[in-house]
file model_19.tsv (TSV, C-alpha atoms and all ligand atoms)
chain	number	residue	atom	x	y	z
Z	265	MET	CA	-29.89	-5.77	-3.83
Z	266	ALA	CA	-27.56	-4.37	-1.20
Z	267	LYS	CA	-24.84	-1.81	-1.36
Z	268	ILE	CA	-21.56	-3.69	-0.93
Z	269	VAL	CA	-18.86	-1.21	-1.89
Z	270	ASN	CA	-18.43	2.16	-0.18
Z	271	SER	CA	-15.32	3.69	1.33
Z	272	TRP	CA	-14.00	7.25	1.35
Z	273	ASN	CA	-11.17	7.15	3.85
Z	274	ASP	CA	-9.16	4.90	6.17
Z	275	TRP	CA	-11.00	5.54	9.45
Z	276	ASP	CA	-14.77	5.32	9.05
Z	277	PRO	CA	-16.34	2.17	10.63
Z	278	LEU	CA	-15.12	-0.84	8.65
Z	279	LYS	CA	-17.79	-3.36	7.67
Z	280	ARG	CA	-16.28	-5.34	4.80
Z	281	VAL	CA	-12.69	-5.86	3.71
Z	282	ILE	CA	-10.44	-8.01	1.52
Z	283	VAL	CA	-7.55	-9.81	3.25
Z	284	GLY	CA	-4.72	-11.16	1.04
Z	285	ARG	CA	-3.32	-14.68	0.83
Z	286	CYS	CA	0.30	-15.83	0.74
Z	287	ASP	CA	-0.23	-18.99	-1.37
Z	288	ASN	CA	2.27	-19.57	-4.19
Z	289	SER	CA	4.12	-16.33	-3.43
Z	290	VAL	CA	7.30	-15.73	-5.38
Z	291	ILE	CA	10.33	-13.53	-4.90
Z	292	PRO	CA	10.29	-12.11	-8.42
Z	293	PRO	CA	13.32	-12.03	-10.72
Z	294	GLU	CA	15.11	-8.76	-11.29
Z	295	GLU	CA	13.51	-6.39	-13.79
Z	296	PRO	CA	14.14	-2.74	-14.67
Z	297	ALA	CA	12.42	-1.16	-11.67
Z	298	THR	CA	12.87	-3.77	-8.96
Z	299	SER	CA	16.57	-3.72	-8.16
Z	300	GLU	CA	16.31	0.01	-7.55
Z	301	LYS	CA	13.72	-0.69	-4.93
Z	302	VAL	CA	15.42	-3.50	-3.01
Z	303	PRO	CA	17.76	-2.05	-0.37
Z	304	VAL	CA	21.44	-2.69	-1.25
Z	305	ASP	CA	22.07	-4.64	1.93
Z	306	SER	CA	18.97	-6.83	1.56
Z	307	GLU	CA	19.57	-10.57	1.58
Z	308	MET	CA	16.98	-10.77	-1.21
Z	309	ARG	CA	19.24	-9.22	-3.82
Z	310	GLY	CA	19.93	-11.57	-6.70
Z	311	MET	CA	17.61	-14.34	-5.50
Z	312	TRP	CA	14.24	-15.28	-6.90
Z	313	GLY	CA	11.79	-18.15	-6.95
Z	314	LEU	CA	8.94	-19.60	-4.92
Z	315	ARG	CA	9.06	-18.62	-1.26
Z	316	PRO	CA	9.68	-21.53	1.14
Z	317	LEU	CA	6.45	-23.39	1.91
Z	318	ALA	CA	6.89	-23.16	5.69
Z	319	THR	CA	7.00	-19.35	5.45
Z	320	VAL	CA	3.91	-19.33	3.23
Z	321	GLU	CA	2.03	-21.45	5.76
Z	322	ARG	CA	3.14	-19.25	8.62
Z	323	GLY	CA	2.24	-16.07	6.67
Z	324	ASN	CA	-1.22	-17.48	6.01
Z	325	GLU	CA	-1.59	-18.35	9.69
Z	326	CYS	CA	-0.91	-14.69	10.53
Z	327	LEU	CA	-3.50	-13.53	8.02
Z	328	GLU	CA	-5.98	-15.95	9.62
Z	329	ASN	CA	-5.30	-14.21	12.95
Z	330	LEU	CA	-6.38	-10.96	11.33
Z	331	VAL	CA	-9.43	-12.54	9.70
Z	332	LYS	CA	-10.54	-13.89	13.07
Z	333	ILE	CA	-10.23	-10.51	14.80
Z	334	LEU	CA	-12.22	-8.89	12.02
Z	335	GLU	CA	-14.94	-11.54	11.87
Z	336	ASP	CA	-15.30	-11.57	15.66
Z	337	ARG	CA	-16.15	-7.88	15.36
Z	338	GLY	CA	-18.71	-8.49	12.66
Z	339	VAL	CA	-16.60	-7.35	9.71
Z	340	VAL	CA	-17.24	-9.37	6.53
Z	341	VAL	CA	-13.93	-10.67	5.14
Z	342	ASP	CA	-13.40	-11.57	1.49
Z	343	ARG	CA	-10.34	-13.39	0.15
Z	344	PRO	CA	-8.67	-13.35	-3.27
Z	345	THR	CA	-8.11	-16.41	-5.47
Z	346	PRO	CA	-4.34	-16.93	-5.78
Z	347	LEU	CA	-2.89	-17.86	-9.17
Z	348	GLN	CA	0.11	-20.07	-9.79
Z	349	TRP	CA	2.41	-17.05	-9.44
Z	350	ASN	CA	5.58	-18.82	-10.57
Z	351	GLN	CA	4.50	-18.75	-14.22
Z	352	ALA	CA	6.32	-16.75	-16.87
Z	353	ILE	CA	4.22	-13.96	-18.39
Z	354	GLY	CA	4.35	-11.91	-21.53
Z	355	THR	CA	2.62	-9.04	-23.31
Z	356	PRO	CA	3.46	-7.54	-26.71
Z	357	ASP	CA	5.90	-5.28	-24.83
Z	358	PHE	CA	7.75	-7.43	-22.31
Z	359	ARG	CA	8.43	-10.90	-20.99
Z	360	ASN	CA	8.96	-11.72	-17.31
Z	361	ASP	CA	10.00	-15.05	-15.81
Z	362	SER	CA	7.46	-14.92	-12.99
Z	363	MET	CA	4.66	-13.06	-11.23
Z	364	MET	CA	4.70	-12.32	-7.49
Z	365	THR	CA	1.74	-12.85	-5.12
Z	366	CYS	CA	-1.69	-11.61	-4.05
Z	367	MET	CA	-0.27	-9.99	-0.97
Z	368	PRO	CA	-0.79	-7.21	-0.40
Z	369	PRO	CA	-4.17	-6.21	-1.83
Z	370	ARG	CA	-3.65	-2.57	-0.79
Z	371	ASP	CA	-1.12	-2.10	-3.61
Z	372	ILE	CA	-3.53	-3.26	-6.29
Z	373	LEU	CA	-7.05	-2.11	-5.36
Z	374	LEU	CA	-8.11	1.48	-4.76
Z	375	THR	CA	-11.60	1.98	-3.32
Z	376	ILE	CA	-13.13	5.41	-3.75
Z	377	GLY	CA	-16.81	5.58	-2.91
Z	378	SER	CA	-18.62	2.84	-4.81
Z	379	GLU	CA	-15.71	2.28	-7.20
Z	380	ILE	CA	-12.87	-0.20	-6.87
Z	381	MET	CA	-10.13	0.43	-9.38
Z	382	ALA	CA	-7.26	-1.91	-10.17
Z	383	SER	CA	-4.04	0.08	-10.28
Z	384	ALA	CA	-1.35	0.68	-12.92
Z	385	ASN	CA	1.64	-0.85	-11.14
Z	386	SER	CA	5.15	-0.23	-12.42
Z	387	PHE	CA	6.49	-3.72	-11.61
Z	388	ARG	CA	6.19	-6.07	-14.56
Z	389	CYS	CA	5.87	-9.04	-12.17
Z	390	ARG	CA	2.66	-7.50	-10.79
Z	391	TYR	CA	1.03	-6.95	-14.18
Z	392	PHE	CA	-1.52	-9.74	-13.79
Z	393	GLU	CA	-1.95	-9.68	-10.02
Z	394	TYR	CA	-5.38	-8.06	-10.39
Z	395	LEU	CA	-6.69	-11.39	-11.71
Z	396	ALA	CA	-6.70	-12.78	-8.16
Z	397	TYR	CA	-9.36	-10.21	-7.27
Z	398	TRP	CA	-11.53	-10.56	-10.35
Z	399	PRO	CA	-13.81	-13.24	-8.88
Z	400	LEU	CA	-14.59	-10.85	-6.01
Z	401	MET	CA	-15.09	-7.92	-8.38
Z	402	LYS	CA	-17.57	-10.00	-10.37
Z	403	GLN	CA	-19.42	-10.94	-7.18
Z	404	TYR	CA	-19.66	-7.30	-6.08
Z	405	PHE	CA	-20.77	-6.38	-9.59
Z	406	ASP	CA	-23.55	-8.99	-9.52
Z	407	GLU	CA	-24.72	-8.08	-6.02
Z	408	ASP	CA	-24.32	-4.29	-5.86
Z	409	PRO	CA	-25.98	-2.37	-8.70
Z	410	GLU	CA	-24.00	0.76	-7.85
Z	411	PHE	CA	-20.57	-0.90	-7.81
Z	412	LYS	CA	-18.19	0.57	-10.36
Z	413	TRP	CA	-15.66	-2.04	-11.46
Z	414	THR	CA	-12.74	-0.22	-13.00
Z	415	GLN	CA	-9.28	-0.84	-14.35
Z	416	ALA	CA	-6.88	2.11	-14.64
Z	417	PRO	CA	-5.16	2.50	-18.03
Z	418	ARG	CA	-2.70	-0.36	-18.25
Z	419	PRO	CA	0.89	0.81	-18.57
Z	420	ARG	CA	2.90	-0.79	-21.36
Z	421	LEU	CA	6.03	-1.11	-19.19
Z	422	THR	CA	8.40	-1.13	-22.14
Z	423	ASP	CA	12.03	-0.24	-21.46
Z	424	ALA	CA	11.02	3.40	-22.01
Z	425	SER	CA	9.08	3.35	-18.73
Z	426	TYR	CA	12.28	3.12	-16.68
Z	427	LYS	CA	15.54	4.97	-16.25
Z	428	HIS	CA	18.12	2.25	-16.76
Z	429	ASN	CA	21.10	1.93	-14.44
Z	430	TYR	CA	19.42	4.61	-12.39
Z	431	TYR	CA	21.09	3.43	-9.24
Z	432	ASP	CA	24.58	2.12	-9.41
Z	433	GLU	CA	24.82	-0.37	-6.52
Z	434	LYS	CA	27.75	1.57	-5.11
Z	435	ILE	CA	25.68	4.70	-4.73
Z	436	SER	CA	25.71	5.99	-1.17
Z	437	LEU	CA	22.68	6.40	1.02
Z	438	GLU	CA	23.28	10.17	0.96
Z	439	GLU	CA	23.11	10.19	-2.84
Z	440	ARG	CA	19.87	8.23	-2.74
Z	441	LEU	CA	18.43	10.79	-0.37
Z	442	VAL	CA	19.54	13.64	-2.65
Z	443	ARG	CA	17.68	11.98	-5.52
Z	444	THR	CA	14.61	11.41	-3.38
Z	445	ALA	CA	14.66	15.04	-2.28
Z	446	ASN	CA	14.99	16.11	-5.94
Z	447	LYS	CA	12.09	13.81	-6.84
Z	448	ASP	CA	14.31	11.96	-9.25
Z	449	PHE	CA	12.89	8.42	-9.35
Z	450	VAL	CA	13.44	5.25	-11.39
Z	451	THR	CA	10.29	5.48	-13.47
Z	452	THR	CA	9.98	7.88	-16.41
Z	453	GLU	CA	6.89	9.88	-17.33
Z	454	VAL	CA	5.93	8.13	-20.58
Z	455	GLU	CA	2.66	6.85	-19.06
Z	456	PRO	CA	0.80	6.94	-15.73
Z	457	MET	CA	2.14	4.35	-13.28
Z	458	TRP	CA	0.90	4.01	-9.72
Z	459	ASP	CA	0.41	1.62	-6.83
Z	460	ALA	CA	-2.84	1.99	-4.92
Z	461	ALA	CA	-0.91	2.01	-1.62
Z	462	ASP	CA	0.59	5.37	-2.58
Z	463	VAL	CA	-2.85	6.97	-2.42
Z	464	MET	CA	-4.18	8.26	0.90
Z	465	ARG	CA	-7.92	8.86	0.65
Z	466	MET	CA	-9.48	11.63	2.70
Z	467	GLY	CA	-12.94	12.28	1.32
Z	468	LYS	CA	-12.68	15.11	-1.21
Z	469	ASP	CA	-8.89	15.04	-1.07
Z	470	LEU	CA	-6.45	12.46	-2.36
Z	471	PHE	CA	-2.87	12.71	-1.13
Z	472	ILE	CA	-0.61	10.71	-3.42
Z	473	GLN	CA	3.02	9.90	-2.74
Z	474	HIS	CA	5.38	10.65	-5.62
Z	475	GLY	CA	8.13	8.04	-5.35
Z	476	LEU	CA	9.56	4.86	-6.79
Z	477	THR	CA	6.18	3.30	-7.52
Z	478	THR	CA	4.03	6.29	-8.53
Z	479	ASN	CA	5.01	8.97	-11.04
Z	480	ARG	CA	3.93	12.55	-11.78
Z	481	THR	CA	1.92	11.54	-14.83
Z	482	ALA	CA	-0.23	9.42	-12.51
Z	483	MET	CA	-1.07	12.54	-10.49
Z	484	ASP	CA	-2.21	14.33	-13.65
Z	485	TRP	CA	-4.21	11.29	-14.62
Z	486	PHE	CA	-5.93	11.16	-11.21
Z	487	GLN	CA	-6.85	14.84	-11.32
Z	488	ARG	CA	-8.47	14.46	-14.75
Z	489	TYR	CA	-10.22	11.21	-13.84
Z	490	TYR	CA	-11.59	12.67	-10.61
Z	491	PRO	CA	-12.16	16.37	-11.44
Z	492	GLU	CA	-14.39	16.75	-8.38
Z	493	TYR	CA	-11.55	15.78	-6.00
Z	494	ARG	CA	-8.39	17.66	-5.05
Z	495	VAL	CA	-5.27	15.68	-5.84
Z	496	HIS	CA	-2.17	16.58	-3.81
Z	497	ALA	CA	1.26	15.23	-4.66
Z	498	VAL	CA	3.22	14.57	-1.47
Z	499	ASN	CA	6.77	13.38	-0.98
Z	500	PHE	CA	8.93	12.45	1.98
Z	501	PRO	CA	12.57	13.40	1.34
Z	502	GLY	CA	13.96	11.36	4.27
Z	503	ASP	CA	12.98	8.03	2.72
Z	504	PRO	CA	15.65	6.53	0.44
Z	505	TYR	CA	13.15	3.95	-0.86
Z	506	PRO	CA	9.83	5.80	-1.10
Z	507	ILE	CA	7.32	3.06	-1.82
Z	508	HIS	CA	3.75	3.29	-0.47
Z	509	ILE	CA	2.52	5.94	1.90
Z	510	ASP	CA	1.21	3.68	4.67
Z	511	ALA	CA	4.38	3.27	6.73
Z	512	THR	CA	5.07	6.99	6.44
Z	513	PHE	CA	1.92	9.07	6.83
Z	514	VAL	CA	-1.05	7.33	8.45
Z	515	PRO	CA	-4.35	8.95	9.46
Z	516	LEU	CA	-6.04	7.60	12.60
Z	517	ARG	CA	-9.17	9.74	12.58
Z	518	PRO	CA	-10.27	13.12	11.26
Z	519	GLY	CA	-7.76	15.64	12.58
Z	520	LEU	CA	-4.99	13.20	13.51
Z	521	ILE	CA	-2.12	11.70	11.49
Z	522	ILE	CA	1.01	9.89	12.58
Z	523	ASN	CA	4.13	10.68	10.53
Z	524	ASN	CA	7.30	8.61	10.36
Z	525	PRO	CA	9.93	10.75	12.15
Z	526	HIS	CA	12.55	9.89	9.51
Z	527	ARG	CA	10.23	10.79	6.66
Z	528	LYS	CA	8.70	14.08	7.63
Z	529	LEU	CA	6.24	15.79	5.37
Z	530	PRO	CA	7.96	18.99	4.10
Z	531	GLU	CA	6.86	22.27	5.66
Z	532	GLU	CA	5.05	23.63	2.61
Z	533	GLN	CA	3.04	20.41	2.26
Z	534	ARG	CA	2.00	20.53	5.92
Z	535	ALA	CA	0.24	23.84	5.42
Z	536	ILE	CA	-3.09	22.36	4.32
Z	537	PHE	CA	-3.23	20.17	7.44
Z	538	GLU	CA	-2.23	22.95	9.79
Z	539	ALA	CA	-4.68	25.39	8.22
Z	540	ASN	CA	-7.46	22.90	8.99
Z	541	ASP	CA	-6.33	22.13	12.55
Z	542	TRP	CA	-5.06	18.66	11.86
Z	543	GLN	CA	-2.45	17.38	14.23
Z	544	ILE	CA	0.58	15.60	12.73
Z	545	VAL	CA	2.24	13.50	15.44
Z	546	GLU	CA	5.59	11.72	15.12
Z	547	ALA	CA	5.04	7.96	15.20
Z	548	ALA	CA	6.54	5.89	18.02
Z	549	GLN	CA	9.77	3.98	17.43
Z	550	PRO	CA	9.42	0.47	16.01
Z	551	ALA	CA	9.98	-2.39	18.47
Z	552	HIS	CA	12.40	-4.15	16.09
Z	553	ASP	CA	15.84	-3.25	14.76
Z	554	GLU	CA	15.38	-5.28	11.61
Z	555	PRO	CA	12.52	-6.47	9.44
Z	556	PRO	CA	11.93	-10.24	9.36
Z	557	ALA	CA	13.89	-12.36	6.85
Z	558	LEU	CA	13.15	-12.00	3.12
Z	559	CYS	CA	11.10	-8.83	3.65
Z	560	TYR	CA	10.99	-5.87	1.26
Z	561	SER	CA	9.83	-3.38	3.82
Z	562	SER	CA	11.44	-1.49	6.66
Z	563	VAL	CA	10.88	-1.77	10.41
Z	564	TRP	CA	8.36	1.05	10.03
Z	565	LEU	CA	5.65	-1.45	9.25
Z	566	SER	CA	5.13	-0.76	12.97
Z	567	MET	CA	2.94	2.18	11.81
Z	568	ASN	CA	1.05	0.15	9.24
Z	569	CYS	CA	-2.09	-0.26	11.31
Z	570	LEU	CA	-5.68	-0.99	10.36
Z	571	VAL	CA	-8.17	1.52	11.75
Z	572	LEU	CA	-11.55	-0.12	12.40
Z	573	ASP	CA	-13.30	3.10	13.39
Z	574	PRO	CA	-12.14	6.49	14.73
Z	575	LYS	CA	-11.63	4.97	18.19
Z	576	THR	CA	-10.34	1.49	17.39
Z	577	VAL	CA	-7.18	0.31	15.68
Z	578	ILE	CA	-5.44	-3.01	15.06
Z	579	VAL	CA	-1.68	-2.84	15.67
Z	580	GLU	CA	0.88	-5.63	15.21
Z	581	ALA	CA	1.21	-7.58	18.47
Z	582	SER	CA	4.96	-7.11	18.96
Z	583	GLU	CA	4.86	-3.35	18.28
Z	584	VAL	CA	4.52	-2.37	21.91
Z	585	TYR	CA	5.68	1.25	21.51
Z	586	GLN	CA	3.23	1.90	18.70
Z	587	GLN	CA	0.45	0.32	20.77
Z	588	GLU	CA	1.34	2.50	23.74
Z	589	GLN	CA	1.30	5.63	21.62
Z	590	MET	CA	-2.05	4.77	20.04
Z	591	ASP	CA	-3.45	4.21	23.50
Z	592	LYS	CA	-2.23	7.65	24.62
Z	593	LEU	CA	-3.77	9.14	21.50
Z	594	GLY	CA	-7.13	7.85	22.69
Z	595	MET	CA	-7.48	4.75	20.53
Z	596	ASN	CA	-8.58	1.33	21.73
Z	597	VAL	CA	-5.81	-0.97	20.53
Z	598	ILE	CA	-6.34	-4.53	19.34
Z	599	PRO	CA	-3.05	-6.41	18.97
Z	600	CYS	CA	-2.70	-8.90	16.11
Z	601	ASP	CA	0.21	-11.30	15.54
Z	602	LEU	CA	1.07	-10.59	11.91
Z	603	ARG	CA	4.83	-10.06	11.72
Z	604	ASP	CA	5.53	-13.27	9.80
Z	605	ALA	CA	3.26	-12.03	7.02
Z	606	TYR	CA	5.43	-8.90	6.52
Z	607	PRO	CA	7.77	-10.62	4.01
Z	608	PHE	CA	4.81	-11.15	1.70
Z	609	GLY	CA	4.33	-7.45	1.20
Z	610	GLY	CA	3.50	-5.57	4.34
Z	611	GLY	CA	1.64	-5.04	7.55
Z	612	LEU	CA	-1.98	-4.77	8.64
Z	613	HIS	CA	-3.01	-1.96	6.33
Z	614	CYS	CA	-1.13	-3.41	3.36
Z	615	SER	CA	-2.67	-6.85	3.86
Z	616	THR	CA	-6.17	-5.49	3.36
Z	617	ALA	CA	-8.23	-3.51	0.87
Z	618	ASP	CA	-11.36	-1.61	1.84
Z	619	VAL	CA	-14.70	-2.77	0.53
Z	620	TYR	CA	-17.19	-1.05	2.83
Z	621	ARG	CA	-16.86	1.61	5.49
Z	622	GLU	CA	-19.89	3.45	6.79
Z	623	GLY	CA	-19.88	7.12	5.93
Z	624	GLU	CA	-19.85	9.51	3.04
Z	625	CYS	CA	-17.55	11.75	1.08
Z	626	LEU	CA	-16.75	14.75	3.30
Z	627	ASP	CA	-14.58	17.79	2.82
Z	628	TYR	CA	-11.97	17.75	5.60
Z	629	PHE	CA	-10.00	20.69	4.16
Z	630	PRO	CA	-12.63	23.31	3.29
Z	701	LIG	N1	8.10	1.12	1.85
Z	701	LIG	C1	7.63	1.14	3.19
Z	701	LIG	C2	6.53	0.16	3.44
Z	701	LIG	C3	5.23	0.61	3.03
Z	701	LIG	C4	4.09	-0.25	3.50
Z	701	LIG	C5	8.73	0.81	4.15
Z	701	LIG	O1	9.51	-0.07	3.85
Z	701	LIG	O2	8.78	1.40	5.21
call {"tool": "encode", "arguments": {"input": "model_19.tsv", "output": "structure tokens", "more": "lines below"}}
Ligand code: NVA
result
Amino acid sequence: MAKIVNSWNDWDPLKRVIVGRCDNSVIPPEEPATSEKVPVDSEMRGMWGLRPLATVERGNECLENLVKILEDRGVVVDRPTPLQWNQAIGTPDFRNDSMMTCMPPRDILLTIGSEIMASANSFRCRYFEYLAYWPLMKQYFDEDPEFKWTQAPRPRLTDASYKHNYYDEKISLEERLVRTANKDFVTTEVEPMWDAADVMRMGKDLFIQHGLTTNRTAMDWFQRYYPEYRVHAVNFPGDPYPIHIDATFVPLRPGLIINNPHRKLPEEQRAIFEANDWQIVEAAQPAHDEPPALCYSSVWLSMNCLVLDPKTVIVEASEVYQQEQMDKLGMNVIPCDLRDAYPFGGGLHCSTADVYREGECLDYFP
């Protein structure tokens, strides 16, 4: 039996990966933590329901572009099994009128070594999203005797998990930034809550963004679950909607990270990188002034690239400035037309979850 699951970082040579699917995707109804996370000027405020079929088809077409690039390079691509996401759900603690999607996988699955763990997301609408990946988990479990199939402690997501009326809609951008800088977020600390896309894996070190989707208790939980790793809480005060680290702080290879110039890592948190001769470079400007329609994310999905190995990276095809910068940084750039998949939950990194990268667990910050 072969080893199927192994990944310690975002840059070692990629051999097997999960790519999401847009089928049956829903804009979820408002719930305690979602309105705080949808920008006030977003056209998505107050609307919910199945996404238009034509956009789903186009999103899937974009994901097929990515699958083709990967397969042409010999990477094995696995796909989730979408559910009928527009079903109401319930647990003993809450009811929700709908689920969301199985895009993007990066939010749900965290691969560390031979373990893939389903996360403890704070959105109620994402509570059952992991089910789309369970057929794959079972396959890996059957085929790889070392695969550790794990589910993080499930949050209850009662009303106690959220600060209610945390953001009054009239709150200014400046006030949001003050709260972000003070690490005052919409979730409470009654239980660990985290999205896998807030975790940046670097061998022995895990850098985890404290923000709207991941709380402090999650950091404590990670450190106790992985006592042999160093867990670092990071935050980016310039981001009024801090959700997921991969359009903010993105490693390209050992020693090199690109950082969103509007969301700089604070000085004291840079120390560990500087002490170990890592270079933190400001990312190039996005090519677009606005995200596509019905998209949760910012234009900084320009940075949300998929590194195939320390010399090769896939960048969104229209992001010409980001491509140019990667090229200057010594990377071979493969463009991929993916922008119309952004509304479903993100860019190239978001749309994937690592299954196998060659390499082992190294200490990059000795
Ligand atoms: N919340 C981030 C996207 C993360 C993939 C942004 O909107 O820039």
call {"tool": "residues_around", "arguments": {"input": "model_19.tsv", "residues": "Ser425 (chain Z)", "least_positions_apart": "3", "cutoff": "7 Å", "atoms": "only C-alpha atoms", "output": "PyMOL selection string"}}
result
chain Z and resi 421-422+451-452+454
call {"tool": "write_last_selection", "arguments": {"input": "model_19.tsv", "atoms": "C-alpha atoms", "output": "PDB file, keeping the file's coordinate frame"}}
result
ATOM      1  CA  LEU Z 421       6.030  -1.110 -19.190  1.00  0.00           C
ATOM      2  CA  THR Z 422       8.400  -1.130 -22.140  1.00  0.00           C
ATOM      3  CA  THR Z 451      10.290   5.480 -13.470  1.00  0.00           C
ATOM      4  CA  THR Z 452       9.980   7.880 -16.410  1.00  0.00           C
ATOM      5  CA  VAL Z 454       5.930   8.130 -20.580  1.00  0.00           C
TER       6      VAL Z 454
END
call {"tool": "residues_near_ligand", "arguments": {"input": "model_19.tsv", "ligand": "ligand LIG 701 (chain Z)", "cutoff": "7 Å", "atoms": "only C-alpha atoms and all ligand atoms", "output": "PyMOL selection string"}}
result
chain Z and resi 505-512+560-565+568+610-611+614
call {"tool": "write_last_selection", "arguments": {"input": "model_19.tsv", "atoms": "C-alpha atoms", "output": "mmCIF file, keeping the file's coordinate frame"}}
result
data_model
loop_
_atom_site.group_PDB
_atom_site.id
_atom_site.type_symbol
_atom_site.label_atom_id
_atom_site.label_comp_id
_atom_site.auth_asym_id
_atom_site.auth_seq_id
_atom_site.Cartn_x
_atom_site.Cartn_y
_atom_site.Cartn_z
ATOM 1 C CA TYR Z 505 13.150 3.950 -0.860
ATOM 2 C CA PRO Z 506 9.830 5.800 -1.100
ATOM 3 C CA ILE Z 507 7.320 3.060 -1.820
ATOM 4 C CA HIS Z 508 3.750 3.290 -0.470
ATOM 5 C CA ILE Z 509 2.520 5.940 1.900
ATOM 6 C CA ASP Z 510 1.210 3.680 4.670
ATOM 7 C CA ALA Z 511 4.380 3.270 6.730
ATOM 8 C CA THR Z 512 5.070 6.990 6.440
ATOM 9 C CA TYR Z 560 10.990 -5.870 1.260
ATOM 10 C CA SER Z 561 9.830 -3.380 3.820
ATOM 11 C CA SER Z 562 11.440 -1.490 6.660
ATOM 12 C CA VAL Z 563 10.880 -1.770 10.410
ATOM 13 C CA TRP Z 564 8.360 1.050 10.030
ATOM 14 C CA LEU Z 565 5.650 -1.450 9.250
ATOM 15 C CA ASN Z 568 1.050 0.150 9.240
ATOM 16 C CA GLY Z 610 3.500 -5.570 4.340
ATOM 17 C CA GLY Z 611 1.640 -5.040 7.550
ATOM 18 C CA CYS Z 614 -1.130 -3.410 3.360
#
call {"tool": "atom_distance", "arguments": {"input": "model_19.tsv", "atom1": "CA of Arg337 (chain Z)", "atom2": "CA of Ala382 (chain Z)"}}
result
27.7 Å
call {"tool": "closest_atom_pairs", "arguments": {"input": "model_19.tsv", "of": "region 404-424 of chain Z", "to": "region 467-488 of chain Z", "cutoff": "12 Å", "atoms": "only C-alpha atoms", "output": "tab-separated table"}}
result
residue	atom	partner	partner_atom	distance
Z:Ala416	CA	Z:Trp485	CA	9.6
Z:Pro417	CA	Z:Trp485	CA	9.5
Z:Arg418	CA	Z:Ala482	CA	11.6
Z:Pro419	CA	Z:Ala482	CA	10.6
call {"tool": "atom_distance", "arguments": {"input": "model_19.tsv", "atom1": "CA of Arg443 (chain Z)", "atom2": "CA of Asn429 (chain Z)"}}
result
13.9 Å
call {"tool": "residues_around", "arguments": {"input": "model_19.tsv", "residues": "region 361-377 of chain Z", "least_positions_apart": "4", "cutoff": "7 Å", "atoms": "all atoms listed in the file", "output": "ChimeraX atom specification"}}
result
/Z:270-272,284-286,288-293,346,349-353,381-383,389-390,393-394,396,459-461,608-610,614-619
call {"tool": "closest_residue", "arguments": {"input": "model_19.tsv", "among": "Z:Asp336, Z:Asp541, Z:Glu294, Z:Asp342", "to": "Arg280 (chain Z)", "atoms": "all atoms listed in the file"}}
result
Z:Asp342
call {"tool": "atom_distance", "arguments": {"input": "model_19.tsv", "atom1": "CA of His428 (chain Z)", "atom2": "CA of Met464 (chain Z)"}}
result
29.1 Å
call {"tool": "residues_around", "arguments": {"input": "model_19.tsv", "residues": "Gly519 (chain Z)", "least_positions_apart": "3", "cutoff": "12 Å", "atoms": "only C-alpha atoms", "output": "number ranges by chain"}}
result
Z: 275, 466, 514-516, 522, 536-545, 574, 593, 628-629
call {"tool": "closest_residue", "arguments": {"input": "model_19.tsv", "among": "Z:Arg621, Z:Glu410, Z:Leu278, Z:Arg603", "to": "Glu554 (chain Z)", "atoms": "only C-alpha atoms"}}
result
Z:Arg603
call {"tool": "closest_residue", "arguments": {"input": "model_19.tsv", "among": "Z:Thr576, Z:Thr414, Z:Gln403, Z:Gln549", "to": "Arg517 (chain Z)", "atoms": "all atoms listed in the file"}}
result
Z:Thr576
call {"tool": "closest_residue", "arguments": {"input": "model_19.tsv", "among": "Z:Pro599, Z:Ile435, Z:Ser306, Z:Leu347", "to": "Phe392 (chain Z)", "atoms": "all atoms listed in the file"}}
result
Z:Leu347
call {"tool": "closest_residue", "arguments": {"input": "model_19.tsv", "among": "Z:Asp423, Z:Glu335, Z:Asp274, Z:Asp601", "to": "Glu295 (chain Z)", "atoms": "all atoms listed in the file"}}
result
Z:Asp423
call {"tool": "residues_around", "arguments": {"input": "model_19.tsv", "residues": "region 321-327 of chain Z", "least_positions_apart": "3", "cutoff": "6 Å", "atoms": "only C-alpha atoms", "output": "ChimeraX atom specification"}}
result
/Z:286,318,330,602,604-605
call {"tool": "closest_residue", "arguments": {"input": "model_19.tsv", "among": "Z:Val450, Z:Val584, Z:Thr298, Z:Arg359", "to": "Trp312 (chain Z)", "atoms": "all atoms listed in the file"}}
result
Z:Thr298
